[in-house]
>>> print(open('work06.csv').read())   # CSV, C-alpha atoms and all ligand atoms
chain,number,residue,atom,x,y,z
A,1,LEU,CA,56.5,-46.7,20.1
A,2,ARG,CA,55.0,-44.2,17.7
A,3,VAL,CA,57.8,-42.8,15.5
A,4,ALA,CA,57.9,-40.1,12.8
A,5,VAL,CA,60.8,-39.8,10.4
A,6,LEU,CA,62.1,-36.7,8.6
A,7,ALA,CA,64.1,-37.1,5.4
A,8,SER,CA,65.1,-34.8,2.6
A,9,GLY,CA,66.6,-37.3,0.2
A,10,ARG,CA,66.6,-40.8,-1.3
A,11,GLY,CA,65.5,-42.5,2.0
A,12,SER,CA,67.7,-45.5,2.1
A,13,ASN,CA,67.9,-45.2,5.9
A,14,LEU,CA,64.1,-45.0,6.1
A,15,GLN,CA,63.9,-48.1,3.9
A,16,ALA,CA,66.2,-49.9,6.4
A,17,LEU,CA,63.9,-48.9,9.2
A,18,ILE,CA,60.9,-50.1,7.4
A,19,ALA,CA,62.6,-53.4,6.5
A,20,ALA,CA,63.6,-54.0,10.1
A,21,ARG,CA,60.1,-53.4,11.3
A,22,ASP,CA,58.7,-55.7,8.6
A,23,ALA,CA,61.2,-58.4,9.7
A,24,GLY,CA,59.7,-58.2,13.1
A,25,GLY,CA,62.8,-56.9,14.9
A,26,LEU,CA,61.8,-53.3,15.4
A,27,PRO,CA,58.6,-52.9,17.5
A,28,VAL,CA,57.6,-49.4,16.3
A,29,ASP,CA,54.7,-47.8,14.5
A,30,PHE,CA,55.7,-45.3,11.8
A,31,VAL,CA,53.0,-42.6,12.0
A,32,ALA,CA,54.5,-40.2,9.5
A,33,VAL,CA,57.3,-39.3,7.2
A,34,GLY,CA,57.9,-35.6,6.7
A,35,SER,CA,60.1,-33.8,4.2
A,36,ASP,CA,61.2,-30.4,3.1
A,37,LYS,CA,61.5,-31.7,-0.5
A,38,LYS,CA,58.4,-32.7,-2.4
A,39,ASP,CA,60.5,-35.0,-4.7
A,40,ALA,CA,62.4,-36.8,-1.9
A,41,GLY,CA,62.7,-40.5,-2.6
A,42,ALA,CA,61.9,-41.1,1.0
A,43,LEU,CA,58.3,-39.8,0.5
A,44,GLN,CA,57.7,-42.4,-2.2
A,45,LEU,CA,59.2,-45.2,-0.1
A,46,ALA,CA,56.8,-44.2,2.7
A,47,LYS,CA,53.8,-44.1,0.5
A,48,ASP,CA,54.7,-47.6,-0.8
A,49,ALA,CA,54.8,-48.8,2.8
A,50,GLY,CA,51.5,-47.2,3.6
A,51,ILE,CA,53.0,-44.6,5.9
A,52,PRO,CA,51.3,-41.1,5.9
A,53,THR,CA,53.5,-38.4,4.5
A,54,PHE,CA,53.6,-34.6,4.6
A,55,THR,CA,55.8,-32.0,2.9
A,56,LEU,CA,56.5,-28.4,3.9
A,57,ASN,CA,58.1,-26.1,1.4
A,58,PRO,CA,60.6,-23.7,3.1
A,59,LYS,CA,59.7,-21.1,0.5
A,60,ASP,CA,56.2,-20.8,2.0
A,61,PHE,CA,57.7,-19.5,5.3
A,62,ALA,CA,59.1,-16.1,6.0
A,63,THR,CA,61.7,-17.4,8.6
A,64,ARG,CA,63.4,-20.6,9.6
A,65,ARG,CA,61.6,-20.4,12.9
A,66,ASP,CA,58.2,-20.2,11.2
A,67,PHE,CA,59.0,-23.3,9.2
A,68,ASP,CA,60.1,-25.2,12.3
A,69,VAL,CA,57.1,-24.2,14.3
A,70,GLU,CA,54.8,-25.5,11.6
A,71,LEU,CA,57.0,-28.7,11.3
A,72,PHE,CA,56.5,-29.5,15.0
A,73,ARG,CA,52.9,-28.6,14.9
A,74,GLN,CA,52.4,-31.2,12.1
A,75,LEU,CA,54.5,-33.8,14.0
A,76,ASP,CA,52.6,-33.2,17.2
A,77,ALA,CA,49.4,-33.9,15.3
A,78,THR,CA,50.7,-37.3,14.2
A,79,GLY,CA,50.9,-38.5,17.8
A,80,ALA,CA,54.6,-39.3,17.4
A,81,GLN,CA,56.5,-40.1,20.6
A,82,MET,CA,59.9,-40.1,19.0
A,83,LEU,CA,61.5,-38.4,15.9
A,84,VAL,CA,64.2,-39.8,13.7
A,85,LEU,CA,66.1,-37.6,11.3
A,86,ALA,CA,67.2,-39.8,8.5
A,87,GLY,CA,69.0,-37.5,6.0
A,88,PHE,CA,67.0,-34.4,7.0
A,89,MET,CA,69.2,-31.7,5.5
A,90,ARG,CA,67.9,-28.7,7.5
A,91,ILE,CA,69.2,-27.1,10.6
A,92,ILE,CA,66.3,-27.0,13.1
A,93,ASP,CA,65.8,-24.0,15.4
A,94,GLY,CA,67.0,-24.7,18.9
A,95,GLU,CA,64.0,-23.3,20.6
A,96,ALA,CA,61.6,-25.0,18.4
A,97,LEU,CA,63.1,-28.4,19.0
A,98,ALA,CA,63.6,-28.0,22.7
A,99,PRO,CA,60.4,-29.9,23.7
A,100,TRP,CA,61.8,-32.9,21.7
A,101,VAL,CA,65.2,-33.1,23.2
A,102,GLY,CA,65.7,-36.7,24.4
A,103,ARG,CA,63.1,-37.9,22.0
A,104,MET,CA,64.8,-37.1,18.7
A,105,ILE,CA,67.8,-38.8,17.1
A,106,ASN,CA,69.8,-38.2,13.9
A,107,ILE,CA,72.2,-40.3,11.9
A,108,HIS,CA,75.3,-38.5,10.8
A,109,PRO,CA,78.0,-40.0,8.5
A,110,SER,CA,81.1,-39.3,10.5
A,111,LEU,CA,82.7,-40.5,13.7
A,112,LEU,CA,81.4,-37.5,15.8
A,113,PRO,CA,82.7,-35.3,17.2
A,114,LYS,CA,84.8,-35.3,14.0
A,115,TYR,CA,83.3,-33.7,10.9
A,116,ARG,CA,80.0,-32.1,11.9
A,117,GLY,CA,78.2,-30.7,8.9
A,118,LEU,CA,78.6,-31.6,5.2
A,119,HIS,CA,81.1,-33.5,3.0
A,120,THR,CA,82.1,-35.8,5.8
A,121,HIS,CA,83.5,-38.5,3.5
A,122,ARG,CA,85.7,-36.1,1.6
A,123,ARG,CA,87.0,-34.5,4.8
A,124,ALA,CA,87.9,-37.9,6.3
A,125,LEU,CA,89.8,-38.8,3.1
A,126,GLU,CA,91.5,-35.4,2.9
A,127,ALA,CA,92.6,-35.7,6.5
A,128,GLY,CA,94.2,-39.1,5.7
A,129,ASP,CA,92.2,-40.8,8.4
A,130,ALA,CA,92.6,-44.5,8.9
A,131,GLU,CA,89.0,-44.9,9.9
A,132,HIS,CA,85.6,-43.4,9.1
A,133,GLY,CA,82.1,-44.1,10.4
A,134,ALA,CA,78.6,-43.1,11.2
A,135,SER,CA,77.1,-41.9,14.4
A,136,VAL,CA,73.5,-41.9,15.8
A,137,HIS,CA,73.1,-39.1,18.3
A,138,TYR,CA,70.4,-37.3,20.2
A,139,VAL,CA,69.5,-34.0,18.6
A,140,THR,CA,70.1,-30.8,20.5
A,141,ALA,CA,70.3,-27.2,19.5
A,142,GLU,CA,74.0,-27.7,18.6
A,143,LEU,CA,74.3,-28.9,15.0
A,144,ASP,CA,75.5,-32.6,14.9
A,145,GLY,CA,76.6,-31.8,18.5
A,146,GLY,CA,74.2,-33.8,20.7
A,147,PRO,CA,75.4,-36.8,22.7
A,148,VAL,CA,76.4,-39.9,20.7
A,149,ILE,CA,74.4,-43.1,21.3
A,150,ALA,CA,76.3,-45.5,19.0
A,151,GLN,CA,78.7,-45.5,16.1
A,152,ALA,CA,79.6,-47.8,13.2
A,153,ARG,CA,83.3,-47.7,12.4
A,154,ILE,CA,85.0,-48.8,9.2
A,155,VAL,CA,88.5,-48.9,7.9
A,156,ILE,CA,89.4,-46.5,5.0
A,157,GLN,CA,90.9,-48.6,2.2
A,158,PRO,CA,93.7,-47.4,0.1
A,159,GLY,CA,92.2,-46.2,-3.1
A,160,ASP,CA,88.8,-45.4,-1.6
A,161,ASP,CA,87.2,-42.3,-3.2
A,162,GLU,CA,84.4,-40.3,-1.8
A,163,ALA,CA,81.6,-42.2,-3.5
A,164,GLN,CA,83.0,-45.6,-2.6
A,165,LEU,CA,83.5,-44.7,1.0
A,166,ALA,CA,80.0,-43.2,1.3
A,167,GLN,CA,78.5,-46.3,-0.3
A,168,ARG,CA,80.3,-48.7,1.9
A,169,LEU,CA,79.5,-46.7,5.0
A,170,LEU,CA,75.8,-46.6,4.0
A,171,GLY,CA,75.5,-50.4,4.5
A,172,PHE,CA,76.6,-49.9,8.1
A,173,GLU,CA,74.3,-47.0,8.6
A,174,HIS,CA,71.4,-49.3,7.6
A,175,GLN,CA,72.3,-51.6,10.5
A,176,LEU,CA,73.1,-48.9,13.0
A,177,LEU,CA,69.9,-46.8,12.8
A,178,PRO,CA,67.5,-49.7,13.2
A,179,ALA,CA,69.6,-51.1,16.1
A,180,VAL,CA,69.5,-47.8,18.0
A,181,LEU,CA,65.8,-47.3,17.3
A,182,THR,CA,65.2,-50.8,18.7
A,183,LEU,CA,67.0,-49.8,21.9
A,184,MET,CA,64.7,-46.8,22.1
A,185,ALA,CA,61.6,-48.8,21.6
A,186,GLU,CA,62.7,-51.2,24.3
A,187,GLN,CA,63.2,-48.1,26.6
A,188,ARG,CA,66.8,-48.9,27.2
A,189,LEU,CA,68.2,-45.5,26.4
A,190,THR,CA,67.7,-42.3,28.3
A,191,LEU,CA,69.2,-38.8,27.9
A,192,ILE,CA,70.0,-38.0,31.5
A,193,ALA,CA,71.9,-34.8,31.1
A,194,PRO,CA,72.7,-32.5,28.1
A,195,ASP,CA,75.7,-34.6,27.3
A,196,ARG,CA,75.0,-38.0,29.0
A,197,VAL,CA,73.2,-41.1,27.7
A,198,ALA,CA,72.2,-43.9,30.1
A,199,PHE,CA,71.9,-47.5,28.8
A,200,ASN,CA,69.7,-49.8,30.8
A,201,GLY,CA,69.6,-47.1,33.4
A,202,LYS,CA,73.4,-46.9,33.8
A,203,ALA,CA,75.4,-43.8,32.6
B,1,LIG,C1,73.0,-40.6,5.1
B,1,LIG,O1,74.4,-40.7,4.7
B,1,LIG,C2,72.9,-40.1,6.5
B,1,LIG,O2,74.0,-40.5,7.3
B,1,LIG,C3,73.0,-38.6,6.3
B,1,LIG,O3,72.3,-38.4,5.1
B,1,LIG,C4,72.3,-39.6,4.3
B,1,LIG,C5,70.9,-40.0,4.0
B,1,LIG,O4,70.8,-41.0,3.1
B,1,LIG,N1,72.4,-37.9,7.4
B,1,LIG,P1,69.4,-41.7,2.8
B,1,LIG,O5,68.5,-40.6,2.3
B,1,LIG,O6,68.9,-42.3,4.0
B,1,LIG,O7,69.7,-42.7,1.7
>>> encode(input="work06.csv", output="structure tokens")
Amino acid sequence: LRVAVLASGRGSNLQALIAARDAGGLPVDFVAVGSDKKDAGALQLAKDAGIPTFTLNPKDFATRRDFDVELFRQLDATGAQMLVLAGFMRIIDGEALAPWVGRMINIHPSLLPKYRGLHTHRRALEAGDAEHGASVHYVTAELDGGPVIAQARIVIQPGDDEAQLAQRLLGFEHQLLPAVLTLMAEQRLTLIAPDRVAFNGKA
């Protein structure tokens, strides 16, 4: 499976994917890592791993749609069959992403449908939740709203602060994302309706 990854930040989830591939458990070929931030740590990690990279600066585009059209033009040119958003901090235009629905996943640090958007750890703490987690979901036009494929769930400890909670969860994200991408590579997952995921052909 030819996979492209989009990331805006440090890239620890990308690193987990590369490590899983290197360990032999993830049968994918990373054809590109793209970013909207030229200083993203993810770009350096990709370069170190010999993966081609590209950056698009949002300031070079008049509209969000223009940016997204160019983004998908570049991704198409890589030959990617599947896209992974690993900390890509931009909302993607629904029409621009439509051809990729069913072939694009995102990792989000909450137990979706709880806490779409930003500051998920803080919101879980402020709500007094007993549990927190991360979700990998198919990307659709609705922000953090596509069908969930799998989740990692952790217990919130008394005394957890935002940073501790984020850090502890990250270790689980690093297992969850490679695990889901492995299922994708093995063709065990299918998006069969806008809100339904089939596993091994069963919904
Ligand atoms: C992760 O918490 C991920 O769930 C969220 O953005 C963060 C990215 O971290 N979407 P990293 O760049 O992979 O280290």
>>> closest_atom_pairs(input="work06.csv", of="chain A", to="ligand LIG 1 (chain B)", cutoff="9 Å", atoms="all atoms listed in the file", output="CSV")
residue,atom,partner,partner_atom,distance
A:Ala7,CA,B:LIG1,O5,6.4
A:Ser8,CA,B:LIG1,O5,6.7
A:Gly9,CA,B:LIG1,O5,4.3
A:Arg10,CA,B:LIG1,O5,4.1
A:Gly11,CA,B:LIG1,O5,3.6
A:Ser12,CA,B:LIG1,O7,3.5
A:Asn13,CA,B:LIG1,O6,3.6
A:Leu14,CA,B:LIG1,O6,5.9
A:Gln15,CA,B:LIG1,O6,7.7
A:Ala16,CA,B:LIG1,O6,8.4
A:Ala40,CA,B:LIG1,O5,8.3
A:Gly41,CA,B:LIG1,O5,7.6
A:Ala42,CA,B:LIG1,O5,6.7
A:Leu85,CA,B:LIG1,N1,7.4
A:Ala86,CA,B:LIG1,O6,5.4
A:Gly87,CA,B:LIG1,O3,3.5
A:Phe88,CA,B:LIG1,N1,6.4
A:Met89,CA,B:LIG1,N1,7.2
A:Asn106,CA,B:LIG1,N1,7.0
A:Ile107,CA,B:LIG1,O2,4.9
A:His108,CA,B:LIG1,O2,4.2
A:Pro109,CA,B:LIG1,O2,4.2
A:Ser110,CA,B:LIG1,O2,7.9
A:Ala134,CA,B:LIG1,O2,6.6
A:Ser135,CA,B:LIG1,O2,7.9
A:Val136,CA,B:LIG1,O2,8.6
A:Ala166,CA,B:LIG1,O1,7.0
A:Gln167,CA,B:LIG1,O1,8.6
A:Leu169,CA,B:LIG1,O1,7.9
A:Leu170,CA,B:LIG1,O1,6.1
A:Glu173,CA,B:LIG1,O2,6.6
A:His174,CA,B:LIG1,O6,8.3
>>> closest_residue(input="work06.csv", among="A:Phe30, A:Trp100, A:Phe67, A:Tyr138", to="A:Val197", atoms="all atoms listed in the file")
A:Tyr138
>>> atom_distance(input="work06.csv", atom1="atom CA of A:Asn200", atom2="atom CA of A:Arg188")
4.7 Å
>>> atom_distance(input="work06.csv", atom1="atom CA of A:Phe172", atom2="atom CA of A:Ala152")
6.3 Å
>>> atom_distance(input="work06.csv", atom1="atom CA of A:Arg168", atom2="atom CA of A:Val155")
10.2 Å
>>> residues_around(input="work06.csv", residues="A:His132", least_positions_apart="2", cutoff="7 Å", atoms="only C-alpha atoms", output="ChimeraX atom specification")
/A:110-111,124,153-156
>>> write_last_selection(input="work06.csv", atoms="C-alpha atoms", output="compact mmCIF listing (two decimals), keeping the file's coordinate frame")
# COMPACT_ATOMS: atom_id res chain seq x y z
CA SER A 110 81.10 -39.30 10.50
CA LEU A 111 82.70 -40.50 13.70
CA ALA A 124 87.90 -37.90 6.30
CA ARG A 153 83.30 -47.70 12.40
CA ILE A 154 85.00 -48.80 9.20
CA VAL A 155 88.50 -48.90 7.90
CA ILE A 156 89.40 -46.50 5.00
>>> residues_near_point(input="work06.csv", point="(65.8, -23.3, 13.2)", cutoff="7 Å", atoms="all atoms listed in the file", output="list in words")
Arg64, Arg65, Asp68, Ile91, Ile92, Asp93, Gly94 and Ala96 of chain A
>>> residues_around(input="work06.csv", residues="A:Gly34", least_positions_apart="2", cutoff="10 Å", atoms="all atoms listed in the file", output="VMD selection string")
chain A and resid 4 to 8 32 36 to 38 40 42 to 43 46 52 to 56 71 74 to 75 85 88
>>> residues_around(input="work06.csv", residues="A:Ala198", least_positions_apart="5", cutoff="8 Å", atoms="all atoms listed in the file", output="list in words")
Arg188, Leu189, Thr190, Leu191, Ile192 and Ala203 of chain A
>>> closest_residue(input="work06.csv", among="A:Leu1, A:Ile51, A:Ala77, A:Leu112", to="A:Leu26", atoms="all atoms listed in the file")
A:Leu1
>>> closest_residue(input="work06.csv", among="A:Ala179, A:Met104, A:Leu17, A:Ile149", to="A:Ala49", atoms="only C-alpha atoms")
A:Leu17
>>> closest_residue(input="work06.csv", among="A:Leu118, A:Leu165, A:Leu97, A:Val139", to="A:Val69", atoms="only C-alpha atoms")
A:Leu97
>>> residues_near_point(input="work06.csv", point="(82.2, -35.5, 18.0)", cutoff="8 Å", atoms="only C-alpha atoms", output="list in words")
Leu111, Leu112, Pro113, Lys114, Tyr115, Arg116, Asp144, Gly145 and Val148 of chain A
>>> write_last_selection(input="work06.csv", atoms="C-alpha atoms", output="mmCIF file, in the frame of the given file")
data_model
loop_
_atom_site.group_PDB
_atom_site.id
_atom_site.type_symbol
_atom_site.label_atom_id
_atom_site.label_comp_id
_atom_site.auth_asym_id
_atom_site.auth_seq_id
_atom_site.Cartn_x
_atom_site.Cartn_y
_atom_site.Cartn_z
ATOM 1 C CA LEU A 111 82.700 -40.500 13.700
ATOM 2 C CA LEU A 112 81.400 -37.500 15.800
ATOM 3 C CA PRO A 113 82.700 -35.300 17.200
ATOM 4 C CA LYS A 114 84.800 -35.300 14.000
ATOM 5 C CA TYR A 115 83.300 -33.700 10.900
ATOM 6 C CA ARG A 116 80.000 -32.100 11.900
ATOM 7 C CA ASP A 144 75.500 -32.600 14.900
ATOM 8 C CA GLY A 145 76.600 -31.800 18.500
ATOM 9 C CA VAL A 148 76.400 -39.900 20.700
#
>>> closest_residue(input="work06.csv", among="A:Pro58, A:Pro158, A:Gly128, A:Gly25", to="A:Glu186", atoms="all atoms listed in the file")
A:Gly25
>>> closest_residue(input="work06.csv", among="A:Lys47, A:Arg122, A:Lys59, A:His137", to="A:Pro194", atoms="all atoms listed in the file")
A:His137
